[in-house]
file my_file.pdb (PDB, C-alpha atoms and all ligand atoms)
ATOM      1  CA  MET A 278      38.247 100.265   0.648
ATOM      2  CA  LEU A 279      38.601  97.698  -2.103
ATOM      3  CA  ARG A 280      39.072  94.315  -0.569
ATOM      4  CA  ASP A 281      39.584  90.865  -1.919
ATOM      5  CA  LYS A 282      36.363  89.654  -3.483
ATOM      6  CA  SER A 283      36.587  86.421  -1.547
ATOM      7  CA  ALA A 284      36.199  88.395   1.685
ATOM      8  CA  ALA A 285      32.586  89.246   0.771
ATOM      9  CA  PRO A 286      30.007  87.072   2.556
ATOM     10  CA  ARG A 287      28.225  84.689   0.167
ATOM     11  CA  GLU A 288      24.749  85.558   1.419
ATOM     12  CA  ALA A 289      25.309  89.200   0.524
ATOM     13  CA  ARG A 290      25.271  88.345  -3.176
ATOM     14  CA  PHE A 291      22.402  89.813  -5.144
ATOM     15  CA  HIS A 292      20.050  87.386  -6.893
ATOM     16  CA  PRO A 293      17.290  89.140  -8.802
ATOM     17  CA  SER A 294      14.270  86.909  -9.294
ATOM     18  CA  PRO A 295      13.927  85.372 -12.745
ATOM     19  CA  LEU A 296      10.149  85.739 -12.368
ATOM     20  CA  HIS A 297      10.568  89.484 -12.207
ATOM     21  CA  ALA A 298      12.559  89.481 -15.435
ATOM     22  CA  PHE A 299       9.875  87.341 -17.054
ATOM     23  CA  LYS A 300       7.152  89.769 -15.998
ATOM     24  CA  ARG A 301       9.118  92.630 -17.493
ATOM     25  CA  LEU A 302       9.440  90.647 -20.717
ATOM     26  CA  LEU A 303       5.689  90.057 -20.774
ATOM     27  CA  LEU A 304       5.029  93.735 -20.157
ATOM     28  CA  ALA A 305       7.460  94.727 -22.899
ATOM     29  CA  SER A 306       5.813  92.429 -25.452
ATOM     30  CA  ALA A 307       2.339  93.623 -24.425
ATOM     31  CA  LEU A 308       3.455  97.216 -24.979
ATOM     32  CA  GLY A 309       4.997  96.242 -28.302
ATOM     33  CA  ALA A 310       1.775  94.580 -29.445
ATOM     34  CA  GLY A 311      -0.192  97.673 -28.405
ATOM     35  CA  LEU A 312       2.060  99.884 -30.464
ATOM     36  CA  ILE A 313       1.659  97.729 -33.555
ATOM     37  CA  LEU A 314      -2.140  97.613 -33.137
ATOM     38  CA  SER A 315      -2.429 101.370 -32.788
ATOM     39  CA  ALA A 316       0.128 102.200 -35.476
ATOM     40  CA  GLY A 317      -2.503 102.179 -38.264
ATOM     41  CA  GLY A 318      -4.840 104.570 -36.423
ATOM     42  CA  ALA A 319      -4.868 108.279 -37.154
ATOM     43  CA  ALA A 320      -4.678 109.004 -33.431
ATOM     44  CA  ALA A 321      -1.327 107.241 -33.209
ATOM     45  CA  GLN A 322       0.061 109.364 -36.019
ATOM     46  CA  ALA A 323      -1.151 112.592 -34.438
ATOM     47  CA  GLN A 324       0.752 111.866 -31.259
ATOM     48  CA  PRO A 325       4.273 113.178 -30.852
ATOM     49  CA  SER A 326       6.726 110.313 -31.026
ATOM     50  CA  PRO A 327       8.084 109.574 -27.554
ATOM     51  CA  THR A 328      11.673 110.713 -27.385
ATOM     52  CA  SER A 329      13.955 107.740 -26.880
ATOM     53  CA  PRO A 330      15.633 107.903 -23.478
ATOM     54  CA  SER A 331      19.177 109.185 -23.654
ATOM     55  CA  VAL A 332      22.008 106.973 -22.449
ATOM     56  CA  GLU A 333      22.515 109.498 -19.666
ATOM     57  CA  GLY A 334      19.017 108.806 -18.355
ATOM     58  CA  GLN A 335      19.573 105.035 -18.144
ATOM     59  CA  GLY A 336      22.212 105.205 -15.437
ATOM     60  CA  GLN A 337      20.223 107.668 -13.416
ATOM     61  CA  ARG A 338      17.118 105.529 -13.734
ATOM     62  CA  PHE A 339      19.019 102.454 -12.572
ATOM     63  CA  PHE A 340      20.292 104.380  -9.582
ATOM     64  CA  ASN A 341      16.799 105.513  -8.590
ATOM     65  CA  LYS A 342      15.321 102.049  -9.109
ATOM     66  CA  VAL A 343      18.040  99.909  -7.544
ATOM     67  CA  CYS A 344      20.948 101.647  -5.819
ATOM     68  CA  ALA A 345      18.808 104.276  -4.091
ATOM     69  CA  LYS A 346      16.821 101.541  -2.290
ATOM     70  CA  CYS A 347      19.895 101.109  -0.114
ATOM     71  CA  HIS A 348      22.004 104.199  -0.691
ATOM     72  CA  GLU A 349      19.255 106.766  -0.182
ATOM     73  CA  ALA A 350      17.687 104.790   2.648
ATOM     74  CA  GLY A 351      20.491 104.659   5.171
ATOM     75  CA  ILE A 352      21.360 101.018   4.405
ATOM     76  CA  GLY A 353      24.444 101.920   2.358
ATOM     77  CA  PRO A 354      26.520 105.098   2.623
ATOM     78  CA  VAL A 355      25.618 108.168   0.575
ATOM     79  CA  ILE A 356      27.354 107.817  -2.812
ATOM     80  CA  THR A 357      26.096 110.920  -4.606
ATOM     81  CA  GLY A 358      27.797 114.294  -4.426
ATOM     82  CA  ARG A 359      31.121 112.926  -3.223
ATOM     83  CA  GLY A 360      33.038 113.293  -6.468
ATOM     84  CA  LEU A 361      34.003 109.621  -6.337
ATOM     85  CA  ASP A 362      35.879 108.404  -9.404
ATOM     86  CA  PRO A 363      33.735 106.485 -11.939
ATOM     87  CA  VAL A 364      36.091 103.505 -11.506
ATOM     88  CA  VAL A 365      35.041 103.264  -7.848
ATOM     89  CA  PHE A 366      31.470 102.666  -8.972
ATOM     90  CA  THR A 367      32.219 100.255 -11.809
ATOM     91  CA  THR A 368      34.557  98.209  -9.595
ATOM     92  CA  ILE A 369      32.397  98.023  -6.490
ATOM     93  CA  VAL A 370      29.206  97.368  -8.445
ATOM     94  CA  ARG A 371      30.735  94.443 -10.380
ATOM     95  CA  HIS A 372      32.646  92.897  -7.476
ATOM     96  CA  GLY A 373      30.737  93.934  -4.387
ATOM     97  CA  ASN A 374      32.471  94.911  -1.187
ATOM     98  CA  ARG A 375      31.541  93.437   2.200
ATOM     99  CA  ALA A 376      27.815  94.267   2.635
ATOM    100  CA  MET A 377      27.601  95.742  -0.875
ATOM    101  CA  PRO A 378      26.166  93.160  -3.291
ATOM    102  CA  ALA A 379      27.894  92.410  -6.613
ATOM    103  CA  PHE A 380      25.927  93.028  -9.801
ATOM    104  CA  ARG A 381      26.513  90.743 -12.780
ATOM    105  CA  VAL A 382      26.338  91.826 -16.402
ATOM    106  CA  THR A 383      22.840  90.317 -16.526
ATOM    107  CA  ASP A 384      21.849  92.651 -13.665
ATOM    108  CA  ILE A 385      23.299  95.802 -15.219
ATOM    109  CA  ASP A 386      24.937  95.861 -18.653
ATOM    110  CA  ASP A 387      28.270  97.605 -19.234
ATOM    111  CA  ALA A 388      26.823 100.604 -21.052
ATOM    112  CA  THR A 389      24.338 101.315 -18.274
ATOM    113  CA  LEU A 390      27.033 100.807 -15.643
ATOM    114  CA  GLN A 391      29.384 103.264 -17.392
ATOM    115  CA  ASP A 392      26.569 105.763 -17.593
ATOM    116  CA  LEU A 393      25.625 105.205 -13.958
ATOM    117  CA  ALA A 394      29.253 105.725 -12.884
ATOM    118  CA  ALA A 395      29.520 108.970 -14.869
ATOM    119  CA  TYR A 396      26.221 110.193 -13.473
ATOM    120  CA  LEU A 397      27.125 109.405  -9.853
ATOM    121  CA  SER A 398      30.635 110.834 -10.007
ATOM    122  CA  LYS A 399      29.269 114.138 -11.331
ATOM    123  CA  SER A 400      26.168 114.226  -9.134
ATOM    124  CA  PRO A 401      25.827 117.309  -6.952
ATOM    125  CA  ALA A 402      25.882 117.131  -3.165
ATOM    126  CA  LYS A 403      22.494 117.112  -1.464
ATOM    127  CA  PRO A 404      21.592 120.377   0.259
TER     128      PRO A 404
HETATM  129  C1  LIG B   1      21.170  95.777  -1.022
HETATM  130  C2  LIG B   1      21.602  97.108  -0.708
HETATM  131  C3  LIG B   1      22.510  97.805  -1.713
HETATM  132  C4  LIG B   1      22.263  98.034  -3.051
HETATM  133  C5  LIG B   1      21.053  97.633  -3.870
HETATM  134  C6  LIG B   1      23.416  98.768  -3.538
HETATM  135  N1  LIG B   1      24.322  98.952  -2.539
HETATM  136 FE1  LIG B   1      26.130  99.906  -2.694
HETATM  137  N2  LIG B   1      26.537  99.469  -0.752
HETATM  138  C7  LIG B   1      25.666  98.858   0.125
HETATM  139  C8  LIG B   1      26.281  98.766   1.431
HETATM  140  C9  LIG B   1      25.635  98.167   2.668
HETATM  141  C10 LIG B   1      27.554  99.358   1.311
HETATM  142  C11 LIG B   1      28.626  99.469   2.380
HETATM  143  C12 LIG B   1      29.460  98.190   2.272
HETATM  144  C13 LIG B   1      30.462  98.046   3.401
HETATM  145  O1  LIG B   1      31.334  98.900   3.524
HETATM  146  O2  LIG B   1      30.334  97.052   4.118
HETATM  147  C14 LIG B   1      27.683  99.792  -0.074
HETATM  148  C15 LIG B   1      28.801 100.425  -0.593
HETATM  149  C16 LIG B   1      28.875 100.993  -1.853
HETATM  150  C17 LIG B   1      29.952 101.799  -2.336
HETATM  151  C18 LIG B   1      31.210 102.192  -1.540
HETATM  152  C19 LIG B   1      30.877 103.468  -0.804
HETATM  153  C20 LIG B   1      31.881 103.808   0.277
HETATM  154  O3  LIG B   1      31.864 104.969   0.727
HETATM  155  O4  LIG B   1      32.631 102.912   0.702
HETATM  156  C21 LIG B   1      29.645 102.172  -3.608
HETATM  157  C22 LIG B   1      30.485 103.033  -4.540
HETATM  158  C23 LIG B   1      28.358 101.593  -3.918
HETATM  159  N3  LIG B   1      27.921 100.882  -2.823
HETATM  160  C24 LIG B   1      27.689 101.759  -5.111
HETATM  161  C25 LIG B   1      26.463 101.195  -5.407
HETATM  162  C26 LIG B   1      25.778 101.353  -6.671
HETATM  163  C27 LIG B   1      26.294 102.173  -7.823
HETATM  164  C28 LIG B   1      24.631 100.626  -6.602
HETATM  165  C29 LIG B   1      23.592 100.390  -7.679
HETATM  166  C30 LIG B   1      24.094  99.691  -8.843
HETATM  167  C31 LIG B   1      24.573 100.024  -5.284
HETATM  168  N4  LIG B   1      25.691 100.398  -4.596
HETATM  169  C32 LIG B   1      23.541  99.210  -4.839
HETATM  170  C33 LIG B   1      24.403  98.383  -0.167
HETATM  171  C34 LIG B   1      23.796  98.382  -1.412
END
call {"tool": "encode", "arguments": {"input": "my_file.pdb", "output": "C-alpha cells"}}
result
Amino acid sequence: MLRDKSAAPREARFHPSPLHAFKRLLLASALGAGLILSAGGAAAQAQPSPTSPSVEGQGQRFFNKVCAKCHEAGIGPVITGRGLDPVVFTTIVRHGNRAMPAFRVTDIDDATLQDLAAYLSKSPAKP
C-alpha cells in the first residue's frame, strides 16, 4: 500500500489557496475584536464561557471538513471503522499515495494529525 513518494503524480498534490487562509485570518481577527468590544458589557459576563474545543475534537473536525470531502463521497476509499493503525493515517496524509494528496505541516499541524489518526483508527464502522 505504501509506495515510493516519487511514484505519486505531481498534479495530485494538494495546494490550499493562500486567499482562503487570509480570509480565515480576517475572520479570526474580526471575531477577536468583537470579543474585546463586548468584554466590558454586562451581557458578555452573563454568558457562559464557550468551552474550548478539546484536542480530540480538532482531528474529527478536520476529517469532516477536509478528508470527508473525498473519503465520504466515494472519491477515496472509506477510512473510518476499519481499525487502521494510526501510523497508516499519519504516513499517508504526510506523504500522499497515488491519487491521495499529501498534506504539509502548514495544511495540518502535527498535533491535529495525531489526533485525527487516533480518532480515525478508533472510529466505529458505519451501519
Ligand atoms: C482530494 C481527495 C482526498 C482528500 C481531501 C483526502 N484523501 Fe485520502 N485518499 C484519496 C484517494 C483518491 C485515495 C486512494 C489513493 C489510491 O489508492 O490511489 C486515498 C487514500 C487514503 C488512505 C489509504 C486508504 C486505503 O485503503 O488504501 C488513507 C489512510 C487516507 N486516504 C487518509 C486520508 C485522510 C486522513 C485525509 C484527511 C487529512 C484524506 N485522506 C484526504 C483522496 C483524498
call {"tool": "residues_near_ligand", "arguments": {"input": "my_file.pdb", "ligand": "ligand LIG 1 (chain B)", "cutoff": "6 Å", "atoms": "all atoms listed in the file", "output": "MDAnalysis selection string"}}
result
chainID A and resid 340 343:344 346:347 352:354 356 365:366 369:370 374:377
call {"tool": "atom_distance", "arguments": {"input": "my_file.pdb", "atom1": "atom CA of Gly336 of chain A", "atom2": "atom CA of Leu390 of chain A"}}
result
6.5 Å
call {"tool": "atom_distance", "arguments": {"input": "my_file.pdb", "atom1": "atom CA of Pro401 of chain A", "atom2": "atom CA of His348 of chain A"}}
result
15.0 Å
call {"tool": "atom_distance", "arguments": {"input": "my_file.pdb", "atom1": "atom CA of Asp387 of chain A", "atom2": "atom CA of Thr367 of chain A"}}
result
8.8 Å
call {"tool": "resolve_selection", "arguments": {"input": "my_file.pdb", "expression": "the PyMOL selection byres (((chain A and resi 362) around 10) and not hetatm)", "output": "PyMOL selection string"}}
result
chain A and resi 359-361+363-367+394-395+397-399
